[in-house]
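Beneath this line is the structure, given in structure tokens, with notes to follow.
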Amino acid sequence: MSLVSYATTTLAQGRPDIFVTPIANLPFRGVVTVQRSDVQRSGQIVNTHTQREIGRDSQGRIHNETRTLVPLSDHAMPALLNIHLYDPATRINTFIDPHRKTFTRVVINRPPATEPPNAYASPSGNSMPLGQYAKEEDLGDSEIDGLQAHGVRITQTIPPESSETGAEVVTTDEYWYSNELRLNLVVKHHDPRTGSVEMTVSHVSRSEPDRALFEVPSEYRRVIPMR
């Protein structure tokens, strides 16, 4: 499998991510740095990294890029795969393909989210349910890229009789939440069966981003998504 196709497959698996909440009056722009260590079926460990830009304007519109995963030795900017835009006022999801210069739009029926899916470290995190084998550890407060953040670690110990390997499996998830930006600044996940990932938000600017960041270029063609 080529590195590009491997990267695309990995990103499509719905693993832990930095979710930008579409909240008005909290504009920012930042960079998400990702480091992955994936365990292949052969037992080989593949180490990759990437980075991408995220942003939100005063209207709550969000911008979220997806870029390829590249080897750790590669220091060039990873190739841009697609851009996701969302407008909470219209509930329109827009997906931009910069290579084909096309875009698709889908209206989301549910109300805009106000917290990321994994908001265990947020003020309301105490009300989030844990799994049968999970325990939560409060990591206190810390400063990340000039922002105050609160950390929580979730440890899940799966006993041998309940794991597919027949041996005890311990997984960990760590979240550092910024109440100022209403999103996780750091997300870490480790599972000895599949590998680990660490995502960190940095280079945060609190000024209003350029409006072009939330718009589709005029020369791009709209396509209808297949059903």
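Naming works like this for the structure tokens: A, B, ... for the chains as they're shown, residue 1 at the start of each chain, ligands 1 onward in shown order.
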
Please extract the residues of stretch 44-196 of chain A with a backbone DSSP assignment of helix (DSSP H, G or I) and present them as a PDB file with C-alpha atoms, in the first residue's frame.
```pdb
ATOM      1  CA  GLY A 125     -17.266  16.389  31.694  1.00  0.00           C
ATOM      2  CA  ASN A 126     -18.246  14.882  35.042  1.00  0.00           C
ATOM      3  CA  SER A 127     -21.653  14.010  33.619  1.00  0.00           C
ATOM      4  CA  PRO A 160      -8.404 -11.306  29.542  1.00  0.00           C
ATOM      5  CA  GLU A 161     -11.818 -12.939  29.382  1.00  0.00           C
ATOM      6  CA  SER A 162     -13.265  -9.881  27.618  1.00  0.00           C
TER       7      SER A 162
END
```

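For A:Val170, the list of residues within 8 Å, based on only C-alpha atoms and with local chain neighbours fewer than 6 positions off taken out, reads Thr155, Gln156, Thr157, Ile158, Asp191 and Pro192 of chain A.
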
Can you spit out the residues from that selection as a PDB file, in the first residue's frame, using C-alpha atoms?
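What follows is the written file part.pdb:
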```pdb
ATOM      1  CA  THR A 155      -7.726   4.438  31.495  1.00  0.00           C
ATOM      2  CA  GLN A 156      -9.581   1.360  30.345  1.00  0.00           C
ATOM      3  CA  THR A 157      -8.445  -2.051  31.564  1.00  0.00           C
ATOM      4  CA  ILE A 158     -10.021  -4.874  29.600  1.00  0.00           C
ATOM      5  CA  ASP A 191      -3.884   1.116  22.461  1.00  0.00           C
ATOM      6  CA  PRO A 192      -1.140  -1.569  22.395  1.00  0.00           C
TER       7      PRO A 192
END
```

How far is it from atom CA of A:Thr114 to atom CA of A:Ile96, in Å with one decimal?
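Atom CA of A:Thr114 sits 23.7 Å away from atom CA of A:Ile96.
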
Excluding A:Thr21 and any residue of its chain fewer than 2 positions from it, enumerate the residues within 8 Å of it, using only C-alpha atoms, and give them as a PyMOL selection string.
chain A and resi 19+23+60+62+113-116+182-183

Which residues of stretch 68-187 of chain A sit at most 7 Å from stretch 43-51 of chain A, using only C-alpha atoms? Give each one's shortest atom pair and distance in Å (one decimal place), in chain and ascending residue order, as CSV.
```
residue,atom,partner,partner_atom,distance
A:Thr68,CA,A:Thr50,CA,6.5
A:Leu69,CA,A:Thr50,CA,5.1
A:Val70,CA,A:Thr48,CA,5.2
A:Pro71,CA,A:Thr48,CA,4.5
A:Leu72,CA,A:Thr48,CA,5.2
A:Pro78,CA,A:Thr50,CA,6.2
```

One decimal, in Å: what's the spacing between atom CA of A:Ala76 and atom CA of A:Arg36?
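These atoms are spaced 16.8 Å apart.
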
Please provide as a list in words all residues within 12 Å of A:Ala24, with the sequence filter that same-chain residues fewer than 4 positions apart are discarded (counting only C-alpha atoms).
Val20, Phe28, Arg56, Asp57, Ser58, Gln59, Gly60, Arg61, Ile62, Asp87, Pro88, Ala89, Pro112, Ala113, Thr114, Leu181, Arg182 and Glu208 of chain A

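With only C-alpha atoms taken into account, the protein and nucleic acid residues at most 12 Å from A:Pro129 (excluding it and anything under 3 positions from it in its own chain) are A:Asn118, A:Ala119, A:Tyr120, A:Ser124, A:Gly125, A:Asn126, A:Gln132, A:Tyr133, A:Ala134, A:Lys135, A:Glu136, A:Ile154.
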
Can I get the selection written as a PDB file, in the first residue's frame, with N, CA and C atoms?
```
ATOM      1  N   ASN A 118     -15.523  14.384  22.698  1.00  0.00           N
ATOM      2  CA  ASN A 118     -14.798  13.862  23.860  1.00  0.00           C
ATOM      3  C   ASN A 118     -14.440  15.015  24.799  1.00  0.00           C
ATOM      4  N   ALA A 119     -15.452  15.523  25.509  1.00  0.00           N
ATOM      5  CA  ALA A 119     -15.270  16.700  26.364  1.00  0.00           C
ATOM      6  C   ALA A 119     -15.132  16.310  27.832  1.00  0.00           C
ATOM      7  N   TYR A 120     -14.418  15.224  28.107  1.00  0.00           N
ATOM      8  CA  TYR A 120     -14.267  14.744  29.481  1.00  0.00           C
ATOM      9  C   TYR A 120     -13.577  15.773  30.370  1.00  0.00           C
ATOM     10  N   SER A 124     -18.425  20.342  32.047  1.00  0.00           N
ATOM     11  CA  SER A 124     -19.552  19.403  32.107  1.00  0.00           C
ATOM     12  C   SER A 124     -19.105  17.953  31.964  1.00  0.00           C
ATOM     13  N   GLY A 125     -17.789  17.727  31.935  1.00  0.00           N
ATOM     14  CA  GLY A 125     -17.266  16.389  31.694  1.00  0.00           C
ATOM     15  C   GLY A 125     -17.630  15.373  32.746  1.00  0.00           C
ATOM     16  N   ASN A 126     -17.907  15.820  33.963  1.00  0.00           N
ATOM     17  CA  ASN A 126     -18.246  14.882  35.042  1.00  0.00           C
ATOM     18  C   ASN A 126     -19.536  14.109  34.768  1.00  0.00           C
ATOM     19  N   GLN A 132     -17.478   0.261  31.038  1.00  0.00           N
ATOM     20  CA  GLN A 132     -17.511  -0.697  32.146  1.00  0.00           C
ATOM     21  C   GLN A 132     -16.159  -0.847  32.829  1.00  0.00           C
ATOM     22  N   TYR A 133     -15.072  -0.802  32.068  1.00  0.00           N
ATOM     23  CA  TYR A 133     -13.749  -1.058  32.614  1.00  0.00           C
ATOM     24  C   TYR A 133     -12.906   0.213  32.744  1.00  0.00           C
ATOM     25  N   ALA A 134     -13.533   1.375  32.623  1.00  0.00           N
ATOM     26  CA  ALA A 134     -12.785   2.633  32.565  1.00  0.00           C
ATOM     27  C   ALA A 134     -12.753   3.354  33.904  1.00  0.00           C
ATOM     28  N   LYS A 135     -11.656   4.077  34.129  1.00  0.00           N
ATOM     29  CA  LYS A 135     -11.556   4.971  35.280  1.00  0.00           C
ATOM     30  C   LYS A 135     -10.986   6.299  34.816  1.00  0.00           C
ATOM     31  N   GLU A 136     -11.348   7.353  35.529  1.00  0.00           N
ATOM     32  CA  GLU A 136     -10.954   8.709  35.142  1.00  0.00           C
ATOM     33  C   GLU A 136      -9.997   9.302  36.161  1.00  0.00           C
ATOM     34  N   ILE A 154      -8.327   9.003  30.768  1.00  0.00           N
ATOM     35  CA  ILE A 154      -9.252   7.877  30.887  1.00  0.00           C
ATOM     36  C   ILE A 154      -8.457   6.595  30.638  1.00  0.00           C
TER      37      ILE A 154
END
```

Excluding stretch 145-148 of chain A and any residue of its chain fewer than 2 positions from it, enumerate the residues within 7 Å of it, using only C-alpha atoms, and give them as an NGL selection string.
:A and (141-143 or 178 or 202)

Serialized selection, C-alpha atoms, as a compact mmCIF listing (two decimals), in the first residue's frame:
```
# COMPACT_ATOMS: atom_id res chain seq x y z
CA ASP A 141 -4.63 22.60 35.00
CA SER A 142 -1.75 23.54 32.73
CA GLU A 143 -0.82 26.21 30.19
CA SER A 178 -9.52 24.98 26.83
CA SER A 202 -0.51 25.38 18.56
```

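When only C-alpha atoms are used to compute distances to A:Pro16, the closest of the residues A:Thr165, A:Asn93, A:Gln35, A:Ser207 turns out to be A:Gln35.
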
Report the residues of stretch 79-112 of chain A whose backbone DSSP state falls under strand (DSSP E or B), written as number ranges by chain.
A: 80-87, 92-97, 102-107

Distance in Å - atom CA of A:His189 versus atom CA of A:Ser163
18.1 Å

Residues at most 8 Å from A:Tyr177, counting only C-alpha atoms, excluding those fewer than 5 positions away in the same chain, as a VMD selection string?
chain A and resid 119 121 to 122 149 to 151 182 to 186

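Closest approach to A:Trp176 among A:Pro209, A:Pro217, A:Pro123, A:Pro159 is made by A:Pro123 (distances from only C-alpha atoms).
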
Can you work out which one of A:Val204, A:Val216, A:Ile224, A:Val107 has the shortest atom-to-atom distance to A:Arg29, counting only C-alpha atoms?
A:Val204
